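This is upload-v4.cif. It holds mmCIF, C-alpha atoms.
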```cif
data_final
loop_
_atom_site.group_PDB
_atom_site.id
_atom_site.type_symbol
_atom_site.label_atom_id
_atom_site.label_comp_id
_atom_site.auth_asym_id
_atom_site.auth_seq_id
_atom_site.Cartn_x
_atom_site.Cartn_y
_atom_site.Cartn_z
ATOM 1 C CA MET A 19 -9.827 -48.769 -4.440
ATOM 2 C CA LEU A 20 -7.090 -46.615 -3.026
ATOM 3 C CA THR A 21 -8.167 -43.600 -5.075
ATOM 4 C CA ARG A 22 -11.235 -42.753 -3.028
ATOM 5 C CA PRO A 23 -9.399 -42.504 0.359
ATOM 6 C CA LEU A 24 -6.565 -40.527 -1.283
ATOM 7 C CA PHE A 25 -9.064 -38.129 -2.858
ATOM 8 C CA ALA A 26 -10.795 -37.648 0.512
ATOM 9 C CA PHE A 27 -7.419 -37.004 2.212
ATOM 10 C CA ALA A 28 -6.331 -34.521 -0.480
ATOM 11 C CA PHE A 29 -9.651 -32.694 -0.305
ATOM 12 C CA ALA A 30 -9.444 -32.457 3.505
ATOM 13 C CA ALA A 31 -5.858 -31.176 3.294
ATOM 14 C CA ILE A 32 -6.797 -28.434 0.813
ATOM 15 C CA VAL A 33 -9.785 -27.355 2.904
ATOM 16 C CA GLY A 34 -7.518 -27.279 5.968
ATOM 17 C CA LEU A 35 -5.015 -25.044 4.202
ATOM 18 C CA PHE A 36 -7.710 -22.544 3.276
ATOM 19 C CA TRP A 37 -9.062 -22.630 6.809
ATOM 20 C CA ALA A 38 -5.633 -22.001 8.358
ATOM 21 C CA ALA A 39 -4.371 -19.444 5.805
ATOM 22 C CA PRO A 40 -4.215 -15.889 7.155
ATOM 23 C CA ALA A 41 -6.606 -13.421 5.604
ATOM 24 C CA ASP A 42 -5.110 -10.911 3.209
ATOM 25 C CA ALA A 43 -5.372 -7.649 5.063
ATOM 26 C CA SER A 44 -5.743 -5.102 2.338
ATOM 27 C CA SER A 45 -4.021 -1.756 2.890
ATOM 28 C CA ARG A 46 -5.397 1.489 1.425
ATOM 29 C CA PHE A 47 -3.658 4.806 0.819
ATOM 30 C CA THR A 48 -4.176 8.013 -1.160
ATOM 31 C CA VAL A 49 -1.812 9.884 -3.474
ATOM 32 C CA THR A 50 -2.523 13.605 -3.904
ATOM 33 C CA ASN A 51 -0.717 15.124 -6.887
ATOM 34 C CA LYS A 52 -0.203 18.877 -6.428
ATOM 35 C CA THR A 53 2.432 19.002 -9.188
ATOM 36 C CA ASP A 54 1.846 20.202 -12.741
ATOM 37 C CA HIS A 55 2.342 16.766 -14.375
ATOM 38 C CA LEU A 56 0.933 13.246 -14.252
ATOM 39 C CA VAL A 57 2.434 10.889 -11.615
ATOM 40 C CA LYS A 58 2.783 7.146 -12.171
ATOM 41 C CA VAL A 59 2.357 4.975 -9.054
ATOM 42 C CA VAL A 60 3.918 1.498 -9.132
ATOM 43 C CA ILE A 61 2.438 -0.581 -6.295
ATOM 44 C CA TYR A 62 3.976 -3.662 -4.683
ATOM 45 C CA SER A 63 2.567 -6.039 -2.088
ATOM 46 C CA GLY A 64 3.519 -5.343 1.511
ATOM 47 C CA THR A 65 5.309 -8.695 1.617
ATOM 48 C CA ASP A 66 7.436 -8.188 -1.523
ATOM 49 C CA THR A 67 10.768 -7.508 0.187
ATOM 50 C CA VAL A 68 12.679 -6.779 -3.024
ATOM 51 C CA CYS A 69 9.908 -5.014 -5.007
ATOM 52 C CA MET A 70 10.350 -7.394 -7.892
ATOM 53 C CA PHE A 71 6.719 -8.182 -8.708
ATOM 54 C CA GLU A 72 4.472 -5.195 -9.411
ATOM 55 C CA GLU A 73 0.987 -5.707 -8.088
ATOM 56 C CA LYS A 74 -0.307 -2.888 -10.301
ATOM 57 C CA THR A 75 0.594 0.423 -11.921
ATOM 58 C CA LYS A 76 -1.755 3.417 -11.739
ATOM 59 C CA THR A 77 -1.622 7.127 -12.540
ATOM 60 C CA VAL A 78 -2.665 10.292 -10.741
ATOM 61 C CA PRO A 79 -3.376 13.298 -12.999
ATOM 62 C CA LYS A 80 -2.082 16.734 -12.016
ATOM 63 C CA GLY A 81 -4.208 18.383 -9.347
ATOM 64 C CA LYS A 82 -6.056 15.146 -8.469
ATOM 65 C CA SER A 83 -6.154 12.559 -5.675
ATOM 66 C CA ARG A 84 -6.560 8.818 -6.129
ATOM 67 C CA SER A 85 -6.995 6.058 -3.584
ATOM 68 C CA PHE A 86 -5.199 2.730 -4.050
ATOM 69 C CA GLY A 87 -4.677 -0.500 -2.197
ATOM 70 C CA CYS A 88 -2.357 -3.474 -2.014
ATOM 71 C CA LYS A 89 -2.201 -6.843 -0.364
ATOM 72 C CA GLY A 90 -0.574 -6.048 2.943
ATOM 73 C CA ARG A 91 -0.881 -9.561 4.407
ATOM 74 C CA GLY A 92 -1.450 -8.100 7.847
ATOM 75 C CA ASN A 93 1.485 -5.667 7.582
ATOM 76 C CA GLN A 94 -0.897 -2.861 6.619
ATOM 77 C CA ARG A 95 1.779 -1.323 4.465
ATOM 78 C CA CYS A 96 2.130 -0.978 0.727
ATOM 79 C CA LYS A 97 5.410 -0.375 -1.061
ATOM 80 C CA ILE A 98 5.396 2.068 -3.959
ATOM 81 C CA LYS A 99 7.599 3.808 -6.481
ATOM 82 C CA LEU A 100 6.543 7.194 -7.858
ATOM 83 C CA LYS A 101 7.568 8.387 -11.313
ATOM 84 C CA GLN A 102 7.254 11.483 -13.481
ATOM 85 C CA TYR A 103 8.569 11.420 -17.043
ATOM 86 C CA GLY A 104 10.018 7.967 -16.342
ATOM 87 C CA ASP A 105 12.218 9.258 -13.504
ATOM 88 C CA GLN A 106 11.654 8.302 -9.900
ATOM 89 C CA VAL A 107 10.524 11.128 -7.606
ATOM 90 C CA CYS A 108 10.474 11.459 -3.805
ATOM 91 C CA LYS A 109 13.895 9.861 -3.607
ATOM 92 C CA ILE A 110 14.633 11.051 -0.074
ATOM 93 C CA ASN A 111 11.671 9.051 1.254
ATOM 94 C CA LYS A 112 12.870 5.667 -0.078
ATOM 95 C CA THR A 113 13.451 3.224 2.779
ATOM 96 C CA THR A 114 12.750 -0.282 1.425
ATOM 97 C CA CYS A 115 13.609 -2.662 -1.414
ATOM 98 C CA GLY A 116 17.264 -1.645 -1.502
ATOM 99 C CA LEU A 117 16.304 2.020 -1.023
ATOM 100 C CA GLU A 118 14.245 1.902 -4.216
ATOM 101 C CA ALA A 119 10.694 2.222 -2.820
ATOM 102 C CA ILE A 120 8.588 3.981 -0.202
ATOM 103 C CA VAL A 121 6.635 2.175 2.531
ATOM 104 C CA ILE A 122 3.137 3.612 2.860
ATOM 105 C CA PRO A 123 1.242 2.920 6.100
ATOM 106 C CA ASN A 124 -2.447 2.069 5.876
ATOM 107 C CA LYS A 125 -4.737 5.131 5.446
ATOM 108 C CA MET A 126 -1.896 7.554 4.677
ATOM 109 C CA ASP A 127 -2.372 10.446 2.256
ATOM 110 C CA LEU A 128 0.895 10.954 0.373
ATOM 111 C CA ILE A 129 1.009 14.516 -0.945
ATOM 112 C CA LEU A 130 3.311 15.350 -3.861
ATOM 113 C CA SER A 131 4.220 18.985 -4.554
ATOM 114 C CA LYS A 132 7.152 20.950 -5.966
ATOM 115 C CA ASN A 133 9.564 23.030 -3.917
ATOM 116 C CA LYS A 134 11.103 26.361 -4.961
ATOM 117 C CA ASP A 135 13.832 24.493 -6.898
ATOM 118 C CA ASP A 136 11.132 22.715 -8.967
ATOM 119 C CA VAL A 137 11.928 19.344 -7.316
ATOM 120 C CA VAL A 138 9.055 16.993 -6.440
ATOM 121 C CA VAL A 139 8.800 16.478 -2.680
ATOM 122 C CA CYS A 140 6.525 14.119 -0.790
ATOM 123 C CA ARG A 141 5.030 14.334 2.639
ATOM 124 C CA GLY A 142 2.739 11.888 4.339
ATOM 125 C CA LYS A 143 -0.376 12.857 6.224
ATOM 126 C CA MET A 144 -2.253 10.411 8.451
ATOM 127 C CA PRO A 145 -5.963 10.880 9.154
ATOM 128 C CA PRO A 146 -6.761 12.131 12.663
ATOM 129 C CA GLU A 147 -7.353 9.436 15.249
ATOM 130 C CA LYS A 148 -11.010 8.815 15.977
ATOM 131 C CA THR A 149 -11.841 9.198 19.637
ATOM 132 C CA ASP A 150 -14.565 7.317 21.393
ATOM 133 C CA SER A 151 -16.896 10.082 22.595
ATOM 134 C CA ALA A 152 -18.305 7.841 25.333
ATOM 135 C CA SER A 153 -14.870 7.331 26.865
ATOM 136 C CA THR A 154 -14.037 11.058 26.864
ATOM 137 C CA GLN A 155 -17.175 12.102 28.729
ATOM 138 C CA SER A 156 -17.131 12.086 32.491
ATOM 139 C CA GLN A 157 -19.482 9.709 34.226
ATOM 140 C CA PRO A 158 -21.824 11.075 36.954
#
```

Representation of the structure as structure tokens:
Amino acid sequence: MLTRPLFAFAFAAIVGLFWAAPADASSRFTVTNKTDHLVKVVIYSGTDTVCMFEEKTKTVPKGKSRSFGCKGRGNQRCKIKLKQYGDQVCKINKTTCGLEAIVIPNKMDLILSKNKDDVVVCRGKMPPEKTDSASTQSQP
């Protein structure tokens, strides 16, 4: 007799949780590999503060670009580690997860290249802001 009201309560509670849960805002970014070797991209969720749980691992062949995403949970930032030959690259850019990973803002193109000392360097490039053409035109 008590099972039916408990089932109805449990069902309503679960539906309420789904209704109230924030949507997973997915972040997207691009890695452009201008080096002469394959780059491994280890991707973490934007909410993984210690970079303990890989969301996925992908590769970018030499001379190619690949677009990736992660669950940003509204932060619109992915955390990544970049590797070549098993060694981490772009070490100067590491700012999160105990200085072990890079935070990538949504829509960023991360470009990997080599400097004159044959060291992999990274630089981020954001797409240009879109302007509303109607707001930039003068009104008569």

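Nearest to Cys69 (chain A) of all the residues A:Val49, A:Cys96, A:Cys88, A:Cys115 is A:Cys115, based on only C-alpha atoms.
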
Which of these, A:Cys140, A:Ala119, A:Ile98, A:Ile129, has the shortest distance to Asn51 (chain A) once you count all atoms listed in the file?
A:Ile129

Once the PyMOL selection byres ((chain A and resi 109-111) around 10) has been applied to the shown file, what residues remain in the selection, as a VMD selection string?
chain A and resid 99 to 100 106 to 108 112 to 114 117 to 121 138 to 142

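One finds CA of Lys76 (chain A) at 14.2 Å from CA of His55 (chain A).
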
So how many Å separate CA of Asp105 (chain A) and CA of Ser83 (chain A), to one decimal?
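Computed distance, CA of Asp105 (chain A) to CA of Ser83 (chain A), equals 20.2 Å.
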